[in-house]
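Enquirer: To start, I am sharing the structure in question, which I have written as structure tokens.
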Amino acid sequence: MNRFKHLTLWISTALILLAWINQWFFMPSLFYPFLLISTAITLPPIAKNALSALRYKVASIDLLVTIAVVGALFISEIWEAAAVTYLFTLGHYLEAKTLLKTRQAISELLDKLPVEVTVIKDDKQVKVALDDLQLGDQVMVKTGERVAVDGTIVKGFGYLDESSLTGEPLDQQRMVGDFVYASSLCTQGTFVVETSVIGEDSVYGKIMTMIEEAQDKKAKTQKFIETFAQYYTPSIIVLTIIVMLVTRNFELALTLLVISCPGALVIATPVSIVAGIGLGAKNGILFKGGDVIERLSQVKAIAFDKTGTLTQGKPVVTEAFFMDENPSNQIKLTLSAELHSEHPLASALLAYAVKQNLELIEPSSSSVSIGKGIEAVVDDHTVLLGNQRQMDVAGLIIPESIQALAKKHQLQGATTIFASVDHQVVGVYMIYDQLKEEAASVVSWLHKHHIKTVMLTGDQINAANTIATKIGIDDVVAQCLPEDKAKHMQKLKEQYKHVAMVGDGINDAPALALSDFGVAMGGATNHVAMETADIILQKQDLQRLIAAIRISRATVKNMKINIVFAIMVVTLLVIGVLSGHVFLALGMLVHELSVIAVILLAISLRYKKI
């Protein structure tokens with residue numbers, strides 16, 4: 001917040017208090033001098049804003065206030081002049097305070113980067129200011145330090161807390177070749193990062209920039225109100241002149257001018273939007289503008305990607321079927337083959353071994369057939385793990401009982417890995433991408449609020465239908481390529497008008513861009529999704545989608561209440577002035593209090609429980 005404005009407000013507050021204290025207890029003669037000094041301090045910034053707007057041929061609210069205050073001084077209404085400028089300044093202060101709270105919420109969401117970093121130059125460690133870093137610089141990160149740049153580890157390893165960006169609650173091991181993000185906390189280890197991205201181009205920087213830009217993107221209601229104010233202000237000035245010429249009552253005209261200022265109406269929308277953005281940031285939801293918040297409140301249908309959105313995106317072995325009555329030894333042999341495999345499913349198989357408390361055997365040799373499986377020699381046994389194609393290539397016959405069970409699970413969305421020991425297929429592992437625990441409850445909530453749900457996935461239709469049935473999705477479109485998702489999104493928009501797309505990957509980017517508002521899950525891990533989406537859920541938690549909708553609806557409700565209240569106050573005051581029931585002091589006080597009430601109502605939104 002501008003330090004000068006902050007100081008001006010507090011000096012003005014002190015002067016007004018001193019004026020009234022002297023009026024009541026000590027030297028009444030000091031009452032008006034103190035008020036005049038207060039007015040002299042608070043009026044210039046208002047008048048300056050009015051003149052700046054006039055240069056662009058805009059008659060702002062500041063112009064109405066300036067004319068009203070000068071008129072009040074002209075007829076010796078010193079208290080009215082001081083009160084108008086003070087309350088107007090207080091309104092601006094509270095509005096700025098709301099914006100500051102929003103930025104503080106963002107800072108709490110994303111921890112600040114270090115000011116200084118250690119750079120490796122000529123095999124020496126040199127301290128360098130963060131702003132002086134160049135692309136290609138090698139930055140050392142030690143235990144307890146935050147990563148200052150986006151880049152690739154070229155030396156060492158460590159465990160990183162990336163929760164502020166990705167939402168992943170567990171520390172992640174990162175080693176040579178891995179990409180790391182600025183603001184991640186090194187909880188253990190030491191490594192060197194080669195700088196790939198710095199400053200505003202980093203994930204951290206982009207998120208901060210998006211929030212700043214979001215506050216400048218105006219909702220349709222806000223644009224309408226600001227356009228209205230541009231015509232309203234000169235109209236009131238003309239009306240005031242007419243009233244003065246007809247009635248010859250300068251004080252009446254001045255009163256009309258003061259209380260007609262639609263200050264509360266003009267700020268009703270922006271302060272609500274800013275507060276809504278702040279509430280979102282506080283809850284790990286980044287809105288890219290007030291227009292997004294306003295449109296999300298009207299959502300009629302939501303399309304979901306499957307993997308990583310409705311599911312956890314982490315394969316898990318849910319069942320293993322072996323024909324042997326005591327299969328533990330066969331399971332031990334076959335899983336041991338995966339000890340040195342880098343295949344994505346290997347981690348799921350090894351995790352299953354840990355769950356079964358198996359002590360695996362180091363294979364004496366192993367070879368990988370890309371896209372098919374792995375062959376290894378374990379404890380003098382030839383072990384083969386892979387898909388059906390791998391078994392066919394090896395000339396192995398899969399027993400009917402194993403084949404039937406595998407097909408059953410495949411129809412339900414499972415990946416099946418067949419296991420062979422000494423050239424005999426002995427069993428099969430069923431691997432599923434587990435549904436997120438909250439998926440069904442989120443879909444149920446959407447249905448209760450009359451929001452249509454659709455799943456767009458590249459999976460086979462049977463597997464897709466099984467998952468959709470489990471969580472209650474209305475419609476399913478399977479075997480989708482990225483362009484297919486985009487085409488179906490266009491159809492949904494034509495049918496439902498206000499449609500959202502929720503996804504987390506590059507393949508979702510076209511649909512995210514085409515939707516009325518794209519929602520990226522854990523967008524910090526995917527630059528494309530983060531750039532394309534309108535809303536970013538910082539954590540892989542679908543409950544935040546509900547929170548985003550609730551925030552949008554609460555913000556729009558807050559905005560509408562503010563607008564209705566502001567219009568009612570101005571209308572009643574104008575009627576009161578023209579009918580002779582409202583005078584300058586009362587009208588000015590009610591008007592300025594209405595401005596403060598609107599701001600306070602918006603501020604209360606930031607503390608709403610979602």
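A note on labels: chains of the structure tokens are A, B, ... as shown, every chain counts residues from 1, and ligands are counted from 1 in their shown order.
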So which residues touch segment 549-557 of chain A within 9 Å, counting only C-alpha atoms, skipping near sequence neighbours fewer than 2 positions away, as an NGL selection string?

Expert: :A and (269 or 272-273 or 275-277 or 279-280 or 292-299 or 544-547 or 559-562 or 602 or 605 or 608 or 610)

Enquirer: List as a list in words the protein and nucleic acid residues near Gln434 of chain A, meaning an atom at most 12 Å away when only C-alpha atoms are counted, but skip any in the same chain fewer than 2 places from it.

Expert: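 Surrounding residues, per the criterion: Lys306, Thr307, Gly308, Thr309, Leu310, Thr311, Gln312, Gly313, Lys314, Pro315, Val316, Val317, Thr318, Ala348, Gln412, Gly413, Ala414, Thr415, Met430, Ile431, Tyr432, Lys436, Glu437, Glu438, Ala439, Ile467, Lys470 and Ile471 of chain A.
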
Enquirer: Residues of the last selection are to be written out with C-alpha atoms, as a PDB file, in the first residue's frame.

Expert:
```
ATOM      1  CA  LYS A 306      -9.860 -39.148 -16.410  1.00  0.00           C
ATOM      2  CA  THR A 307      -6.201 -39.859 -15.644  1.00  0.00           C
ATOM      3  CA  GLY A 308      -4.844 -37.621 -12.901  1.00  0.00           C
ATOM      4  CA  THR A 309      -8.153 -35.780 -12.610  1.00  0.00           C
ATOM      5  CA  LEU A 310     -10.758 -38.326 -11.592  1.00  0.00           C
ATOM      6  CA  THR A 311      -8.061 -40.901 -10.845  1.00  0.00           C
ATOM      7  CA  GLN A 312      -4.873 -40.592  -8.829  1.00  0.00           C
ATOM      8  CA  GLY A 313      -2.630 -41.037 -11.848  1.00  0.00           C
ATOM      9  CA  LYS A 314      -0.567 -43.592  -9.899  1.00  0.00           C
ATOM     10  CA  PRO A 315      -0.891 -47.289 -10.863  1.00  0.00           C
ATOM     11  CA  VAL A 316      -1.523 -49.726  -7.997  1.00  0.00           C
ATOM     12  CA  VAL A 317      -1.546 -53.550  -8.020  1.00  0.00           C
ATOM     13  CA  THR A 318      -4.950 -54.394  -6.588  1.00  0.00           C
ATOM     14  CA  ALA A 348       3.513 -50.417  -8.670  1.00  0.00           C
ATOM     15  CA  GLN A 412     -12.994 -52.699 -16.000  1.00  0.00           C
ATOM     16  CA  GLY A 413      -9.985 -50.576 -16.918  1.00  0.00           C
ATOM     17  CA  ALA A 414      -7.123 -52.649 -15.511  1.00  0.00           C
ATOM     18  CA  THR A 415      -3.669 -53.083 -17.033  1.00  0.00           C
ATOM     19  CA  MET A 430      -4.034 -56.562 -12.118  1.00  0.00           C
ATOM     20  CA  ILE A 431      -2.964 -52.901 -12.044  1.00  0.00           C
ATOM     21  CA  TYR A 432      -5.457 -50.075 -11.702  1.00  0.00           C
ATOM     22  CA  LYS A 436      -9.629 -40.351  -6.166  1.00  0.00           C
ATOM     23  CA  GLU A 437     -11.481 -40.808  -2.900  1.00  0.00           C
ATOM     24  CA  GLU A 438     -13.358 -37.555  -3.333  1.00  0.00           C
ATOM     25  CA  ALA A 439     -14.378 -38.125  -6.996  1.00  0.00           C
ATOM     26  CA  ILE A 467     -15.211 -45.792 -13.947  1.00  0.00           C
ATOM     27  CA  LYS A 470     -18.559 -45.972 -10.020  1.00  0.00           C
ATOM     28  CA  ILE A 471     -18.506 -42.215  -9.534  1.00  0.00           C
TER      29      ILE A 471
END
```

Enquirer: May I ask for the distance between atom CA of Ser594 of chain A and atom CA of Val569 of chain A, given in Å to one decimal place?

Expert: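 So the two atoms, atom CA of Ser594 of chain A and atom CA of Val569 of chain A, lie 7.2 Å apart.
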
Enquirer: I need the residues in segment 251-337 of chain A that are helix (DSSP H, G or I) according to DSSP; give them as an MDAnalysis selection string.

Expert: chainID A and resid 251:259 263:282 290:296 328:336

Enquirer: Contacts of Ile37 of chain A at 9 Å or less, counting only C-alpha atoms, minus same-chain residues fewer than 4 places along, as a list in words?

Expert: Ser12, Leu15, Tyr32, Pro33, Ile41, Thr42 and Ala82 of chain A

Enquirer: Using only C-alpha atoms, can you tell me which of A:Val519, A:Thr453, A:Ile331, A:Ser366 comes closest to Phe418 of chain A?

Expert: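 Using only C-alpha atoms, Phe418 of chain A sits closest to A:Ile331.
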
Enquirer: Please determine, counting only C-alpha atoms, which residue among A:Ser328, A:Gln188, A:Ser420, A:Ser183 has the shortest atom-to-atom distance to Thr143 of chain A.

Expert: A:Gln188

Enquirer: Write out as an NGL selection string the set of residues from segment 284-340 of chain A that DSSP, computed on the backbone, places in strand (DSSP E or B).

Expert: :A and (285-287 or 301-305 or 311-322)

Enquirer: Export N, CA, C and O atoms of the chosen residues as a PDB file, in the first residue's frame?

Expert:
```pdb
ATOM      1  N   ILE A 285      -6.596 -21.782  -4.896  1.00  0.00           N
ATOM      2  CA  ILE A 285      -7.310 -21.686  -6.173  1.00  0.00           C
ATOM      3  C   ILE A 285      -6.932 -20.361  -6.818  1.00  0.00           C
ATOM      4  O   ILE A 285      -7.138 -19.302  -6.223  1.00  0.00           O
ATOM      5  N   LEU A 286      -6.371 -20.416  -8.018  1.00  0.00           N
ATOM      6  CA  LEU A 286      -5.950 -19.200  -8.702  1.00  0.00           C
ATOM      7  C   LEU A 286      -6.919 -18.874  -9.831  1.00  0.00           C
ATOM      8  O   LEU A 286      -7.034 -19.620 -10.803  1.00  0.00           O
ATOM      9  N   PHE A 287      -7.642 -17.761  -9.686  1.00  0.00           N
ATOM     10  CA  PHE A 287      -8.552 -17.290 -10.733  1.00  0.00           C
ATOM     11  C   PHE A 287      -7.805 -16.285 -11.608  1.00  0.00           C
ATOM     12  O   PHE A 287      -7.144 -15.394 -11.093  1.00  0.00           O
ATOM     13  N   ALA A 301     -22.371 -27.224 -17.111  1.00  0.00           N
ATOM     14  CA  ALA A 301     -21.834 -28.553 -17.399  1.00  0.00           C
ATOM     15  C   ALA A 301     -20.323 -28.539 -17.203  1.00  0.00           C
ATOM     16  O   ALA A 301     -19.672 -27.525 -17.470  1.00  0.00           O
ATOM     17  N   ILE A 302     -19.776 -29.661 -16.724  1.00  0.00           N
ATOM     18  CA  ILE A 302     -18.323 -29.782 -16.512  1.00  0.00           C
ATOM     19  C   ILE A 302     -17.842 -31.075 -17.149  1.00  0.00           C
ATOM     20  O   ILE A 302     -18.391 -32.151 -16.901  1.00  0.00           O
ATOM     21  N   ALA A 303     -16.821 -30.959 -17.991  1.00  0.00           N
ATOM     22  CA  ALA A 303     -16.199 -32.126 -18.616  1.00  0.00           C
ATOM     23  C   ALA A 303     -14.900 -32.433 -17.875  1.00  0.00           C
ATOM     24  O   ALA A 303     -14.130 -31.527 -17.561  1.00  0.00           O
ATOM     25  N   PHE A 304     -14.669 -33.714 -17.583  1.00  0.00           N
ATOM     26  CA  PHE A 304     -13.485 -34.139 -16.845  1.00  0.00           C
ATOM     27  C   PHE A 304     -12.578 -35.004 -17.720  1.00  0.00           C
ATOM     28  O   PHE A 304     -13.051 -35.885 -18.440  1.00  0.00           O
ATOM     29  N   ASP A 305     -11.281 -34.758 -17.638  1.00  0.00           N
ATOM     30  CA  ASP A 305     -10.321 -35.750 -18.100  1.00  0.00           C
ATOM     31  C   ASP A 305     -10.334 -36.862 -17.045  1.00  0.00           C
ATOM     32  O   ASP A 305     -10.783 -36.643 -15.911  1.00  0.00           O
ATOM     33  N   THR A 311      -8.874 -39.845 -11.454  1.00  0.00           N
ATOM     34  CA  THR A 311      -8.061 -40.901 -10.845  1.00  0.00           C
ATOM     35  C   THR A 311      -6.789 -40.297 -10.267  1.00  0.00           C
ATOM     36  O   THR A 311      -6.456 -39.142 -10.522  1.00  0.00           O
ATOM     37  N   GLN A 312      -6.065 -41.094  -9.499  1.00  0.00           N
ATOM     38  CA  GLN A 312      -4.873 -40.592  -8.829  1.00  0.00           C
ATOM     39  C   GLN A 312      -3.674 -40.462  -9.761  1.00  0.00           C
ATOM     40  O   GLN A 312      -2.694 -39.799  -9.428  1.00  0.00           O
ATOM     41  N   GLY A 313      -3.746 -41.110 -10.913  1.00  0.00           N
ATOM     42  CA  GLY A 313      -2.630 -41.037 -11.848  1.00  0.00           C
ATOM     43  C   GLY A 313      -1.432 -41.861 -11.407  1.00  0.00           C
ATOM     44  O   GLY A 313      -0.337 -41.727 -11.943  1.00  0.00           O
ATOM     45  N   LYS A 314      -1.641 -42.742 -10.409  1.00  0.00           N
ATOM     46  CA  LYS A 314      -0.567 -43.592  -9.899  1.00  0.00           C
ATOM     47  C   LYS A 314      -1.049 -45.045  -9.922  1.00  0.00           C
ATOM     48  O   LYS A 314      -1.961 -45.406  -9.183  1.00  0.00           O
ATOM     49  N   PRO A 315      -0.443 -45.892 -10.768  1.00  0.00           N
ATOM     50  CA  PRO A 315      -0.891 -47.289 -10.863  1.00  0.00           C
ATOM     51  C   PRO A 315      -0.649 -48.058  -9.571  1.00  0.00           C
ATOM     52  O   PRO A 315       0.369 -47.869  -8.897  1.00  0.00           O
ATOM     53  N   VAL A 316      -1.603 -48.915  -9.219  1.00  0.00           N
ATOM     54  CA  VAL A 316      -1.523 -49.726  -7.997  1.00  0.00           C
ATOM     55  C   VAL A 316      -1.939 -51.162  -8.332  1.00  0.00           C
ATOM     56  O   VAL A 316      -2.948 -51.379  -9.020  1.00  0.00           O
ATOM     57  N   VAL A 317      -1.169 -52.142  -7.858  1.00  0.00           N
ATOM     58  CA  VAL A 317      -1.546 -53.550  -8.020  1.00  0.00           C
ATOM     59  C   VAL A 317      -2.640 -53.845  -6.997  1.00  0.00           C
ATOM     60  O   VAL A 317      -2.422 -53.774  -5.785  1.00  0.00           O
ATOM     61  N   THR A 318      -3.825 -54.134  -7.495  1.00  0.00           N
ATOM     62  CA  THR A 318      -4.950 -54.394  -6.588  1.00  0.00           C
ATOM     63  C   THR A 318      -5.166 -55.886  -6.351  1.00  0.00           C
ATOM     64  O   THR A 318      -5.802 -56.272  -5.368  1.00  0.00           O
ATOM     65  N   GLU A 319      -4.655 -56.707  -7.276  1.00  0.00           N
ATOM     66  CA  GLU A 319      -4.888 -58.146  -7.146  1.00  0.00           C
ATOM     67  C   GLU A 319      -3.831 -58.909  -7.937  1.00  0.00           C
ATOM     68  O   GLU A 319      -3.372 -58.448  -8.988  1.00  0.00           O
ATOM     69  N   ALA A 320      -3.441 -60.065  -7.413  1.00  0.00           N
ATOM     70  CA  ALA A 320      -2.532 -60.968  -8.133  1.00  0.00           C
ATOM     71  C   ALA A 320      -3.148 -62.363  -8.100  1.00  0.00           C
ATOM     72  O   ALA A 320      -3.514 -62.854  -7.027  1.00  0.00           O
ATOM     73  N   PHE A 321      -3.274 -62.985  -9.265  1.00  0.00           N
ATOM     74  CA  PHE A 321      -3.854 -64.329  -9.336  1.00  0.00           C
ATOM     75  C   PHE A 321      -2.801 -65.303  -9.866  1.00  0.00           C
ATOM     76  O   PHE A 321      -2.265 -65.128 -10.954  1.00  0.00           O
ATOM     77  N   PHE A 322      -2.496 -66.324  -9.065  1.00  0.00           N
ATOM     78  CA  PHE A 322      -1.559 -67.372  -9.467  1.00  0.00           C
ATOM     79  C   PHE A 322      -2.236 -68.719  -9.284  1.00  0.00           C
ATOM     80  O   PHE A 322      -2.987 -68.929  -8.325  1.00  0.00           O
TER      81      PHE A 322
END
```
